[in-house]
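S.K.: Attaching a single structure in structure tokens format; questions to follow.
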Amino acid sequence: MVFNTGAALLDAIVLAVVSKDEEGTYGYKITQDVRRTIEVSESTLYPVLRRLQKDDCLQVYDRECGGRNRRYYKLTSAGEAQLRLYSDEWKSYSRKISALFSGEELA
Amino acid sequence: MNRDLFLFKLEQLLYDIPKEERDEAMDYYRGYFDDAGAENEAVVLEELESPQAIADSIKEALRSTGDMSGGLKNPPQVRDGREQSAGQRRGYKSIFSGSDFQKSEQKQYQGTDTAGEDERTGEQKEAQGAAYRRYDQYGGAASGRRAFSSDRSAKWILFVILAVFTSPIWGTALSGVLGVAGVVIAAVVVLAVCSVGCAVGGIVCTIAAIVRLCTLAVVSGLLLLGTGMFLIAGGGISMVLLLLLCGKLLPWTFRMISALFGRILQWGRSAV
């Protein structure tokens with residue numbers, strides 16, 4: 001892809017990916033899901049998850065899985081609000097860019 | 001490289017970050033390998049690049065005090081909606097500006113990331129409070145000091161254990177040194193008593209001899225005179241020996257002892 005993914009967009013994508021699973025999801029799956037959408041090196045994802053956790057956008061909990069504890073990530077209410085904000089911002093941003101490319105005038 | 005070596009190297013590289021952060025990261029990556037499954041180990045190792053790359057990105061995130069994102073410095077509930085979306089717009093502007101298509105994907109990503117960070121410094125002032133709080137969470141300098149002091153006490157404990165275990169060696173040396181010092185001090189005392197005793201005895205004998213000679217008891221007088229002279233000479237010799245001992249041998253002994261203790265102390269300090 002020619003466009004690069006900035007930190008805010010990466011946050012938004014990670015929040016969106018985590019929000020898909022009502023029950024929460026875990027690190028390996030998050031990485032695979034994010035990679036289905038954008039190219040990103042794994043080493044950048046752990047710090048993002050950790051920071052979102054510290055910013056109270058993600059909560060973590062451990063659940064027994066195959067004889068060991070797996071750490072699950074889930075959106076907090078603050079995380080949901082943040083995701084809505086990103087989503088709205090993205091809509092207006094992409095609409096403007098798309099309009100510019102297609103030559104339409106924005107109302 | 002296999003999974004275990006990868007994790008081992010990562011843990012080593014993370015040794016200089018707070019323990020809590022290290023444990024958290026190690027748990028994450030251990031779980032990551034577990035979830036990928038043994039059959040995907042080679043693929044995962046490929047995807048994860050290198051322990052160095054992961055350690056670098058974790059440390060970079062910690063260095064920027066958890067403040068790498070444009071949007072998330074201020075959680076939504078902190079500000080009212082209008083203000084925040086203005087902040088968000090600024091964040092987006094910086095993040096999407098200045099893309100350079102000629103650079104590789106990875107480079108672009110990093111480059112824009114830094115550019116975004118620079119432009120955000122204005123906003124950062126508003127968020128400084130939050131950023132500082134976050135810095136505290138990361139442990140910051142305080143945990144560094146804690147680590148240092150625990151390191152020091154560990155060394156002290158090691159030193160004490162070492163001292164106990166080597167006590168047969170330095171105990172013998174110490175008693176030897178104390179023995180030598182004792183002998184020297186005893187010699188000084190003996191010589192002092194000797195010289196004073198001889199001198200006093202010699203003088204008394206000589207006076208008695210003079211009295212005898214005056215009363216014309218020639219034989220016993222001469223005998224006493226000889227004895228007196230002999231005692232005075234003995235006292236003199238003792239005195240000379242004593243002065244020699246005090247002037248030369250004693251300071252030399254003390255110098256040796258203090259030098260020895262100095263070396264032990266110095267060794268102790270360098271071990272600690």
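Scheme for the structure tokens: letters A, B, ... for chains in order shown; per-chain residue numbers from 1; ligand numbers from 1 in order shown.
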Using only C-alpha atoms and a cut-off of 6 Å, which residues of chain A sit close to chain B? Please list them as a PyMOL selection string.

M.R.: chain A and resi 4+6-8+28+42-43+47+51

S.K.: Identify which of the residues A:Ala12, A:Lys91, A:Thr5, A:Thr25 lies closest to Arg70 (chain A), counting only C-alpha atoms when measuring atom-to-atom distances.

M.R.: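 With only C-alpha atoms as the atom set, the closest residue is A:Thr25.
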
S.K.: Hey, what does DSSP flag as helix (DSSP H, G or I) within region 19-62 of chain A? Can you give it to me as a VMD selection string?

M.R.: chain A and resid 19 to 20 27 to 37 42 to 54

S.K.: Kindly export the residues of the current selection with N, CA and C atoms, as a short mmCIF file (atom, residue, chain, number, x, y, z; two decimals), in the first residue's frame.

M.R.:
```cif
data_model
loop_
_atom_site.label_atom_id
_atom_site.label_comp_id
_atom_site.auth_asym_id
_atom_site.auth_seq_id
_atom_site.Cartn_x
_atom_site.Cartn_y
_atom_site.Cartn_z
N SER A 19 -13.16 -4.73 18.97
CA SER A 19 -14.60 -4.56 19.21
C SER A 19 -15.44 -5.60 18.47
N LYS A 20 -14.87 -6.24 17.44
CA LYS A 20 -15.62 -7.25 16.68
C LYS A 20 -16.01 -8.45 17.54
N GLY A 27 -4.02 -11.58 21.72
CA GLY A 27 -2.95 -10.95 20.95
C GLY A 27 -2.69 -11.53 19.57
N TYR A 28 -2.58 -12.85 19.51
CA TYR A 28 -2.26 -13.47 18.22
C TYR A 28 -3.37 -13.23 17.20
N LYS A 29 -4.61 -13.37 17.67
CA LYS A 29 -5.75 -13.20 16.76
C LYS A 29 -5.86 -11.73 16.33
N ILE A 30 -5.63 -10.81 17.27
CA ILE A 30 -5.69 -9.39 16.92
C ILE A 30 -4.69 -9.10 15.80
N THR A 31 -3.48 -9.64 15.98
CA THR A 31 -2.44 -9.41 14.97
C THR A 31 -2.86 -9.94 13.60
N GLN A 32 -3.40 -11.16 13.59
CA GLN A 32 -3.83 -11.74 12.31
C GLN A 32 -4.95 -10.90 11.69
N ASP A 33 -5.90 -10.45 12.52
CA ASP A 33 -7.02 -9.68 12.00
C ASP A 33 -6.58 -8.32 11.48
N VAL A 34 -5.69 -7.68 12.23
CA VAL A 34 -5.20 -6.36 11.78
C VAL A 34 -4.48 -6.52 10.44
N ARG A 35 -3.74 -7.62 10.32
CA ARG A 35 -2.96 -7.84 9.10
C ARG A 35 -3.83 -8.16 7.89
N ARG A 36 -5.05 -8.56 8.15
CA ARG A 36 -5.95 -8.77 7.02
C ARG A 36 -6.33 -7.43 6.40
N THR A 37 -6.25 -6.37 7.19
CA THR A 37 -6.66 -5.06 6.71
C THR A 37 -5.46 -4.22 6.25
N GLU A 42 4.63 -6.94 13.30
CA GLU A 42 4.11 -7.39 14.59
C GLU A 42 4.65 -6.57 15.74
N SER A 43 5.92 -6.19 15.60
CA SER A 43 6.56 -5.50 16.73
C SER A 43 5.87 -4.18 17.08
N THR A 44 5.09 -3.61 16.14
CA THR A 44 4.41 -2.35 16.47
C THR A 44 3.09 -2.58 17.20
N LEU A 45 2.57 -3.82 17.14
CA LEU A 45 1.23 -4.03 17.70
C LEU A 45 1.20 -4.18 19.21
N TYR A 46 2.18 -4.88 19.76
CA TYR A 46 2.17 -5.05 21.22
C TYR A 46 2.20 -3.70 21.95
N PRO A 47 3.12 -2.78 21.57
CA PRO A 47 3.10 -1.48 22.26
C PRO A 47 1.77 -0.74 22.13
N VAL A 48 1.09 -0.91 20.98
CA VAL A 48 -0.21 -0.26 20.81
C VAL A 48 -1.24 -0.84 21.78
N LEU A 49 -1.26 -2.17 21.88
CA LEU A 49 -2.20 -2.82 22.81
C LEU A 49 -1.92 -2.39 24.25
N ARG A 50 -0.64 -2.36 24.59
CA ARG A 50 -0.24 -2.01 25.95
C ARG A 50 -0.65 -0.58 26.28
N ARG A 51 -0.45 0.30 25.32
CA ARG A 51 -0.78 1.70 25.57
C ARG A 51 -2.29 1.91 25.66
N LEU A 52 -3.02 1.27 24.75
CA LEU A 52 -4.49 1.39 24.81
C LEU A 52 -5.01 0.86 26.15
N GLN A 53 -4.32 -0.14 26.65
CA GLN A 53 -4.69 -0.70 27.95
C GLN A 53 -4.42 0.33 29.06
N LYS A 54 -3.27 0.99 28.98
CA LYS A 54 -2.94 1.99 30.00
C LYS A 54 -3.83 3.22 29.90
#
```

S.K.: With a distance cut-off of 7 Å and only C-alpha atoms, select the neighbouring residues of region 192-207 of chain B, excluding the residue or stretch itself and same-chain residues fewer than 2 positions from it, and output the selection as a VMD selection string.

M.R.: chain B and resid 188 to 190 209 to 211 224 to 225 227 to 229 231 to 232 234 to 236 238 to 239 242

S.K.: Mind writing the picked residues with C-alpha atoms as an mmCIF file, in the first residue's frame?

M.R.:
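See again37.cif below for the written result:
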```
data_model
loop_
_atom_site.group_PDB
_atom_site.id
_atom_site.type_symbol
_atom_site.label_atom_id
_atom_site.label_comp_id
_atom_site.auth_asym_id
_atom_site.auth_seq_id
_atom_site.Cartn_x
_atom_site.Cartn_y
_atom_site.Cartn_z
ATOM 1 C CA VAL B 188 58.744 -3.627 74.495
ATOM 2 C CA VAL B 189 57.231 -4.060 77.958
ATOM 3 C CA VAL B 190 59.911 -6.553 79.049
ATOM 4 C CA ALA B 209 79.262 0.218 97.123
ATOM 5 C CA ILE B 210 80.430 3.800 97.657
ATOM 6 C CA VAL B 211 79.044 3.677 101.234
ATOM 7 C CA LEU B 224 78.849 -4.246 94.943
ATOM 8 C CA LEU B 225 80.458 -1.627 92.720
ATOM 9 C CA THR B 227 77.504 -5.507 90.302
ATOM 10 C CA GLY B 228 76.174 -1.945 90.136
ATOM 11 C CA MET B 229 78.268 -1.112 87.061
ATOM 12 C CA LEU B 231 73.491 -3.603 86.127
ATOM 13 C CA ILE B 232 73.822 -0.043 84.791
ATOM 14 C CA GLY B 234 72.592 -3.963 81.301
ATOM 15 C CA GLY B 235 70.048 -1.186 81.776
ATOM 16 C CA GLY B 236 71.807 0.863 79.121
ATOM 17 C CA SER B 238 68.090 -2.640 77.368
ATOM 18 C CA MET B 239 67.393 1.062 76.875
ATOM 19 C CA LEU B 242 64.010 -0.497 73.590
#
```
